[in-house]
Every structure is written in structure tokens, then in C-alpha cells.
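Structure first, commentary second.
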Amino acid sequence: MIKVSVVVPTYKTSVEGLARLVGSLERQTMPASEFEVIFVDDGSPDDTLQRLRKLAETHSNVRVEAIENSGWPSKPRNVGIELAQGEYIAFMDHDDELYPDALRAAYEFGVANNADAVNGKEARTTSASWGMGTYDEDRPQSIGRTDVHPLIPMNPHKMYRRAFLNEHGIRFIEGARVLWEDIFFNVLVSRHARVISTLTSVPYYHWVTTKGSGSSTFVKHGEDFWRWLPRVCQSIIDELPGEQNRLQREQLELHQYGNRLVGVFDSKYVTRTPKQRRFMFEQAQKLQRDFDFARLEGRMNSSKRVRAELLRADRQDLLEEICVSDAAVPGWARATTVEWRGGILHVSSDVTWADSKGTVPALVRDGDRIRKGLPTEVRDLVSAEATDMTADVDGITVSGLVRSRRSRIAWALPLESDVRVEDLPDGTVRVSATASFTVDPAAAASGAPLEEATHWDLHVHARFGNSSTDRPLKSTIPASVTLTDGRLHLVYPNDSTNATIIPGGQREAVRRLAPESAALVDGDLVLELAGHHDGAGEVETVVGVWAAGASKLSDRPARLRIADGAAQLIVPGVGAGTIDVRVGDRAPGGPGAWTVRADKDRRILERSSRPSTDSTPASKPAPAPTPAPTLRRTVGRVLRRFGLR
């Protein structure tokens with residue numbers, strides 16, 4: 001029995017993108033005999049079809065179908081639905097990837113809950129907090145959620161029951177350029193589905209953001225943007241009628257109105273040409289009027305509501321002024337404490353809102369209310385409800401995340417926050433927050449351990465009014481380790497002064513912990529390392545050593561010992577000579593190496609003039625959206641296997 005049909009539309013697919021996708025399918029824990037892959041090529045003018053056919057020759061579960069160019073992924077997906085034999089259909093874009101346990105976990109979760117659709121945990125290359133509001137826990141039934149629509153993000157990167165799609169004739173709208181075809185599709189799913197399940201505990205899909213992808217061409221000043229947006233809005237009304245669909249309908253309407261209609265009036269709006277600005281303003285006015293969106297404005301934050309009311313008042317001049325004076329101000333978090341306790345990392349941080357120029361949110365006190373600081377003409381024109389920021393301040397949320405630099409998956413962390421509101425003598429109000437969270441490397445991945453020997457960057461997602469930002473947690477707190485149950489974990493400020501954890505990070509710990517003294521004990525070199533540490537025991541590691549007179553660095557076995565809050569690096573069999581060791585070269589201000597020389601029965605530790613031998617530090621973030629380090633080997637292997645390199 002075919003459990004899952006993976007449908008992939010292709011068009012001028014890059015060699016690297018196809019290799020990334022195929023590599024992820026080859027790594028699936030679901031046996032290849034239980035799923036099929038259907039590539040539907042949309043008339044590619046290059047060698048994409050030839051590469052796909054060559055792929056099918058070596059993969060018995062791969063089918064390739066060629067069609068005339070339709071100009072958009074919709075028709076290839078529909079062809080794939082017709083060809084599919086699986087109980088469920090999973091859609092993929094041609095340069096993305098599935099996480100290794102995706103098909104097995106999503107299929108079994110769907111079958112167990114008789115789900116019409118499974119919304120599996122998704123990561124996006126360019127956004128650490130992507131979809132985190134949706135993926136909060138495993139939910140057998142997500143229909144009825146009041147916090148978020150159950151199919152958000154509204155893309156097709158999900159798994160759908162094939163019989164359900166066929167029973168209700170659910171297909172993608174075809175055409176040469178159909179903006180938001182996935183929203184039209186998922187609105188139909190929303191109408192007919194009886195069960196939509198959300199799978200959070202197992203990573204499902206990685207949306208690899210690349211230049212020139214379909215969604216990146218949706219320009220807000222373009223005619224097709226404003227031709228298709230009203231069709232999306234009308235589809236939501238038509239396909240989700242009645243009181244029984246009110247919740248889902250209004251969730252989706254508010255998303256379109258707030259993010260796509262009012263959302264176009266941001267700091268980029270004023271950089272467009274006068275003709276483009278006027279066109280966008282008039283189109284937004286028409287949609288606002290035609291769909292009576294004013295009925296939703298009571299649920300908007302203050303910034304969006306001010307823009308909505310200026311739009312309705314036909315004041316483009318003031319709206320442009322607001323786009324500059326009321327631009328979203330990002331939230332930033334800086335660690336105040338980073339400390340291991342009993343194998344668990346405890347982090348405290350301060351959160352402030354300010355842009356690169358030091359601009360902070362303009363807030364003023366008005367009795368028991370907090371109001372948005374606005375120009376007098378704007379304040380006199382819009383409603384008092386629109387300027388009231390009290391609910392926005394009360395609704396500030398701060399979330400902690402830990403994100404893999406390798407796979408780009410992110411996991412939410414348990415966090416406590418406290419918002420501080422300070423009234424200043426001049427009548428203005430300053431808002432800040434504190435946030436404290438914990439990271440248990442043994443359970444932080446939704447109850448599972450974080451992948452070892454992987455860089456996990458700490459992020460803080462701060463949401464305040466119109467501002468929603470996730471940023472790496474800034475930290476200058478020195479590196480430290482914990483050794484619990486035989487496992488050593490490292491936290492340190494990386495080369496960008498952001499906090500990073502490496503579970504099983506004993507190799508990197510050697511380079512992040514600065515040596516303070518050296519001694520020779522029974523023929524072993526013992527280096528005392530800086531910092532206060534947690535746990536007790538020893539683990540194996542390696543250290544780079546230059547023997548006396550040698551120019552080449554060689555790795556030598558070593559041990560890290562933790563006891564009574566102190567750390568030691570033990571290098572066996574060093575002998576009596578002078579050597580250079582690469583220890584603490586990644587610590588702030590550390591040299592490329594340290595010289596250990598003999599002075600009678602003592603060992604003297606001195607800074608060495610040797611430079612660091614690394615051209616690319618291991619701790620620097622990989623540039624998005626290139627394949628992750630472990631995937632590069634897979635890409636090369638797949639390319640060679642199919643004669644593509």
C-alpha cells in the first residue's frame with residue numbers, strides 16, 4: 001500500500017535545489033516502498049526533465065510526468081493529485097526539503113486522528129519564529145482554535161487525505177500567474193475539513209527561501225497583487241459562509257486586511273514613486289470599502305487601526321507621514337545572566353524597543369490610559385480608540401526560542417516575562433521588559449533532546465503592537481559548560497556576540513574556555529580553564545597541539561574534567577618540552593595559541609604569536625539560504641550518483 005504520495009511541481013529546477021529535495025526524501029524513515037514521489041514538470045526549457053527521468057531510472061518509487069508550460073505550480077499540482085495513489089498527498093516545492101521523520105510521523109498522526117489535513121511543524125530559512133504560534137503543541141483537532149487559524153501558514157506544505165480532496169473536488173486554481181493559489185486551496189480545505197491536526201513534536205518541512213521564488217515576486221505596487229487580493233477576500237466570504245464558519249472566516253479576513261491591505265503602508269511605502277503610492281492607496285481604499293473591513297478594526301493594534309482610519313478618511317498625506325513617524329520599532333534582548341544549574345541553562349535578559357537610530361515607541365500618558373504619540377492633525381482626525389495603546393502594552397509578548405543553525409528548526413522555550421511601564425517627567429511613557437527562560441538540552445526539542453554537536457542559537461521573539469521581531473539573544477557573558485550524566489554541553493557568546501549552545505560541545509569548549517594556568521601532573525599537561533561551571537566528571541575531547549619546532553597543527557586526545565565549579569583540560573603524555581596548544585583561541589581577546597614552556601618543575605603559560613588556523617570559524621552563522629553543512633555532503637553525493645557532477 002502506498003501511504004503517501006509526494007507531489008512536486010518543477011520548472012527550471014536548479015541542480016542544487018533538486019539535490020537538496022531528493023536527499024531529504026532519501027533520508028526518510030518511512031520505507032521507500034511505502035511512499036511515491038510524483039514530479040510534474042511544467043514545460044521546463046532547460047534540462048530539468050532529463051534530470052528527473054534519470055532520477056526515476058534509479059528510484060523505483062519516483063514517477064515523472066511532463067506537461068506543457070502552464071506558468072504556475074497549480075496545474076502541475078493538480079496533475080499530481082490525479083496521478084497519486086497514496087492515502088495522503090504531501091506537496092513540496094522543488095527546492096525545499098522534508099525533515100527525516102516527516103512522512104512517517106505526519107502520516108501516522110493523520111491516520112490516528114482521521115485527519116483530512118495535517119499541518120506539520122515548518123521552518124523557514126529566513127525566520128526563526130516562523131509559524132511558532134501555530135506549532136505550540138501536538139493537536140489532534142485544531143478546528144476551533146481561537147488564537148490562530150488551523151492552517152496557518154497558509155501554504156501547501158502540508159499533508160492532505162487524498163479521498164477528502166477528491167470527494168470535495170478541491171484543486172488549485174490554474175492560470176499563468178495565480179497569486180496566493182495556496183490560500184484559495186486551503187480555504188476550500190477549511191470549508192470541508194472535519195479534522196485538521198497540528199503536528200509540532202516532529203519537524204516536518206523546511207521552506208528554503210531562495211531568490212526569485214514565486215512569493216518573492218509578489219510586489220505590493222504591482223497590478224496583479226491588487227487584482228488577486230480582492231479575489232482572495234471574496235473567496236474567504238463565499239467558501240466560509242454562515243455562523244458555523246464565522247471564527248475561521250474572520251480569522252482569515254483579519255489576516256488579509258491587517259497584513260496585506262493595511263500592512264502595505266509601512267516604511268517602504270514612502271520610498272515608492274508618487275504614481276505607485278497613489279495606485280496602492282486607491283486600491284486599498286476600494287477593498288476597504290467593498291468588503292466593509294471597518295467592522296474588523298476593533299481587533300487591530302493601534303498602529304494598524306490609525307492607518308486604516310486615515311485610509312478611510314482619504315488622507316494619503318497623513319498616512320505617508322505616519323509611515324515614517326510610526327514605523328515599527330524592533331525589540332532587542334540582551335542577556336544579563338547565563339548560568340548552568342543541574343544541567344539546565346538558566347537565562348535572564350532585558351528587552352528594549354529601539355531602532356538603529358535610538359528611536360523608541362512614542363507613548364504618552366493620558367490618565368489611566370497610554371496613547372500613541374501622534375502629530376496633532378492625525379490625533380484630531382482618528383478615533384480615541386485608534387490612539388489607545390493600553391491594550392497593546394498589556395498584550396506585549398516575549399518568547400524564547402532555540403534554533404538549529406544546521407537544520408533551521410526552532411523550538412519554543414519555557415519563559416517568564418515582566419513588562420515594565422515607566423512614566424517619565426515629560427509625560428511620555430517608556431516600555432521595557434525582562435525575560436527569563438530555561439534550556440534543557442535533554443528535552444528542549446518538544447520533549448526530545450537537542451541534536452548534539454550542532455550550534456543552537458538562542459533567540460528572543462518580541463511582539464509589541466505593530467512590531468514583531470525575532471533576534472538572536474545578545475550576550476557577552478563568558479563561556480561555561482555543564483557535565484551531567486556523562487554529557488557535556490557548552491554555552492558561549494559567538495563571534496557575533498550572540499548566545500549559542502552546543503550540546504555535546506566538548507571540542508568547541510576547548511576553544512571557547514580560556515586557560516588560566518598550566519601544570520605537569522604525572523606526565524600529563526593540566527590546564528586550568530576560566531569560568532564557573534556545572535556538574536562533575538570527565539569527557540573525552542581533542543586539542544590542537546604544535547610540538548616544539550613543528551609548523552603543522554595536530555589533534556591530540558584530551559579530557560575535560562569538571563569538579564567543584566572548575567574546569568580542567570588534561571592532555572596526556574606531553575613530556576618535558578615546550579609546546580603550543582590551541583586552547584581558548586575563540587574566547588574574547590584570546591590568541592591563536594598558548595605556549596606552555598618548562599621552567600624547572602613548573603609550567604609557564606604564555607600567549608603565543610601563532611595565528612588561528614581556521615579560515616572560517618565554526619561558530620559563525622551559515623549564510624542563508626545555502627544548504628546546511630550536513631546537506632552539502634548529501635548534495636554532492638546525490639549529484640554524483642545521478643551523473644549531474
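All residue names refer to the C-alpha cells as shown: chains lettered A, B, ... in order, residues numbered from 1 in each chain, ligands numbered from 1 in order.
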What's around region 222-237 of chain A at 7 Å? Count only C-alpha atoms, leave out sequence neighbours fewer than 5 positions away in its own chain, and write the answer as a PDB file with all heavy atoms, in the first residue's frame.
ATOM      1  N   LEU A 179      -1.736  34.488  -7.948  1.00  0.00           N
ATOM      2  CA  LEU A 179      -1.189  34.819  -6.639  1.00  0.00           C
ATOM      3  C   LEU A 179      -2.022  34.167  -5.546  1.00  0.00           C
ATOM      4  O   LEU A 179      -3.251  34.148  -5.626  1.00  0.00           O
ATOM      5  CB  LEU A 179      -1.153  36.332  -6.439  1.00  0.00           C
ATOM      6  CG  LEU A 179       0.134  37.036  -6.901  1.00  0.00           C
ATOM      7  CD1 LEU A 179       0.369  36.837  -8.389  1.00  0.00           C
ATOM      8  CD2 LEU A 179       0.108  38.512  -6.548  1.00  0.00           C
ATOM      9  N   PHE A 184      -6.362  30.022  -1.746  1.00  0.00           N
ATOM     10  CA  PHE A 184      -7.626  29.557  -2.329  1.00  0.00           C
ATOM     11  C   PHE A 184      -7.834  28.070  -2.019  1.00  0.00           C
ATOM     12  O   PHE A 184      -8.932  27.639  -1.654  1.00  0.00           O
ATOM     13  CB  PHE A 184      -7.625  29.766  -3.842  1.00  0.00           C
ATOM     14  CG  PHE A 184      -7.733  31.197  -4.276  1.00  0.00           C
ATOM     15  CD1 PHE A 184      -6.633  31.877  -4.766  1.00  0.00           C
ATOM     16  CD2 PHE A 184      -8.948  31.874  -4.204  1.00  0.00           C
ATOM     17  CE1 PHE A 184      -6.733  33.195  -5.188  1.00  0.00           C
ATOM     18  CE2 PHE A 184      -9.058  33.188  -4.619  1.00  0.00           C
ATOM     19  CZ  PHE A 184      -7.947  33.860  -5.104  1.00  0.00           C
ATOM     20  N   VAL A 187      -8.529  27.521   1.750  1.00  0.00           N
ATOM     21  CA  VAL A 187      -9.862  27.990   2.137  1.00  0.00           C
ATOM     22  C   VAL A 187     -10.888  26.889   1.851  1.00  0.00           C
ATOM     23  O   VAL A 187     -11.796  26.637   2.658  1.00  0.00           O
ATOM     24  CB  VAL A 187     -10.227  29.295   1.408  1.00  0.00           C
ATOM     25  CG1 VAL A 187     -11.713  29.612   1.540  1.00  0.00           C
ATOM     26  CG2 VAL A 187      -9.408  30.462   1.967  1.00  0.00           C
ATOM     27  N   ARG A 249     -13.660  32.311   9.196  1.00  0.00           N
ATOM     28  CA  ARG A 249     -13.805  33.377   8.197  1.00  0.00           C
ATOM     29  C   ARG A 249     -13.176  34.676   8.688  1.00  0.00           C
ATOM     30  O   ARG A 249     -12.399  35.316   7.967  1.00  0.00           O
ATOM     31  CB  ARG A 249     -15.289  33.582   7.882  1.00  0.00           C
ATOM     32  CG  ARG A 249     -15.538  34.657   6.819  1.00  0.00           C
ATOM     33  CD  ARG A 249     -17.018  34.760   6.474  1.00  0.00           C
ATOM     34  NE  ARG A 249     -17.831  35.255   7.576  1.00  0.00           N
ATOM     35  CZ  ARG A 249     -18.730  34.534   8.241  1.00  0.00           C
ATOM     36  NH1 ARG A 249     -18.924  33.257   7.922  1.00  0.00           N
ATOM     37  NH2 ARG A 249     -19.448  35.059   9.223  1.00  0.00           N
ATOM     38  N   GLU A 253     -10.077  36.829   7.250  1.00  0.00           N
ATOM     39  CA  GLU A 253     -10.333  38.195   6.791  1.00  0.00           C
ATOM     40  C   GLU A 253      -9.415  39.180   7.504  1.00  0.00           C
ATOM     41  O   GLU A 253      -8.834  40.079   6.869  1.00  0.00           O
ATOM     42  CB  GLU A 253     -11.791  38.574   7.057  1.00  0.00           C
ATOM     43  CG  GLU A 253     -12.795  37.992   6.087  1.00  0.00           C
ATOM     44  CD  GLU A 253     -14.176  38.584   6.309  1.00  0.00           C
ATOM     45  OE1 GLU A 253     -14.732  38.387   7.407  1.00  0.00           O
ATOM     46  OE2 GLU A 253     -14.685  39.246   5.389  1.00  0.00           O
ATOM     47  N   GLN A 283      -6.298  51.505  -4.454  1.00  0.00           N
ATOM     48  CA  GLN A 283      -6.703  50.099  -4.450  1.00  0.00           C
ATOM     49  C   GLN A 283      -7.065  49.636  -3.043  1.00  0.00           C
ATOM     50  O   GLN A 283      -8.049  48.919  -2.841  1.00  0.00           O
ATOM     51  CB  GLN A 283      -5.579  49.224  -5.022  1.00  0.00           C
ATOM     52  CG  GLN A 283      -5.286  49.458  -6.497  1.00  0.00           C
ATOM     53  CD  GLN A 283      -6.484  49.148  -7.374  1.00  0.00           C
ATOM     54  OE1 GLN A 283      -7.116  48.104  -7.230  1.00  0.00           O
ATOM     55  NE2 GLN A 283      -6.811  50.044  -8.295  1.00  0.00           N
ATOM     56  N   LEU A 287     -10.829  48.211  -1.615  1.00  0.00           N
ATOM     57  CA  LEU A 287     -11.042  46.953  -0.904  1.00  0.00           C
ATOM     58  C   LEU A 287     -11.620  47.196   0.480  1.00  0.00           C
ATOM     59  O   LEU A 287     -12.508  46.466   0.924  1.00  0.00           O
ATOM     60  CB  LEU A 287      -9.722  46.182  -0.788  1.00  0.00           C
ATOM     61  CG  LEU A 287      -9.491  45.097  -1.855  1.00  0.00           C
ATOM     62  CD1 LEU A 287      -9.271  45.743  -3.216  1.00  0.00           C
ATOM     63  CD2 LEU A 287      -8.289  44.242  -1.475  1.00  0.00           C
TER      64      LEU A 287
END
Taking only C-alpha atoms into account, produce a table as JSON lines in which each residue of region 477-515 of chain A with an atom at most 12 Å from an atom of region 330-335 of chain A appears once, together with its shortest atom pair and the distance in Å to one decimal, ordered by chain and rising number.
{"residue": "A:Ile477", "atom": "CA", "partner": "A:Ala335", "partner_atom": "CA", "distance": 7.7}
{"residue": "A:Pro478", "atom": "CA", "partner": "A:Ala335", "partner_atom": "CA", "distance": 11.3}
{"residue": "A:Tyr492", "atom": "CA", "partner": "A:Ala335", "partner_atom": "CA", "distance": 11.5}
{"residue": "A:Pro493", "atom": "CA", "partner": "A:Ala335", "partner_atom": "CA", "distance": 10.1}
{"residue": "A:Thr497", "atom": "CA", "partner": "A:Arg334", "partner_atom": "CA", "distance": 10.0}
{"residue": "A:Asn498", "atom": "CA", "partner": "A:Arg334", "partner_atom": "CA", "distance": 8.7}
{"residue": "A:Ala499", "atom": "CA", "partner": "A:Ala335", "partner_atom": "CA", "distance": 8.2}
{"residue": "A:Thr500", "atom": "CA", "partner": "A:Ala335", "partner_atom": "CA", "distance": 11.7}
> Suppose you want the space between CA of Gly575 (chain A) and CA of Glu528 (chain A); what is it in Å?
Replying inline: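 Distance reported for this atom pair: 17.9 Å.
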Report as CSV the residues of region 126-172 of chain A within 12 Å of region 413-424 of chain A, each with its shortest atom pair and distance in Å (one decimal), using only C-alpha atoms, ordered by chain and increasing residue number.
residue,atom,partner,partner_atom,distance
A:Ser129,CA,A:Leu413,CA,11.8
A:Met132,CA,A:Leu413,CA,11.0
A:Asp136,CA,A:Leu413,CA,10.4
> Do you know which residues are at most 8 Å from Met30 (chain A) counting only C-alpha atoms, after dropping those on the same chain fewer than 4 positions away, and could you put them as a list in words?
Replying inline: Glu34, Phe35, Asp101, Leu103 and Arg104 of chain A
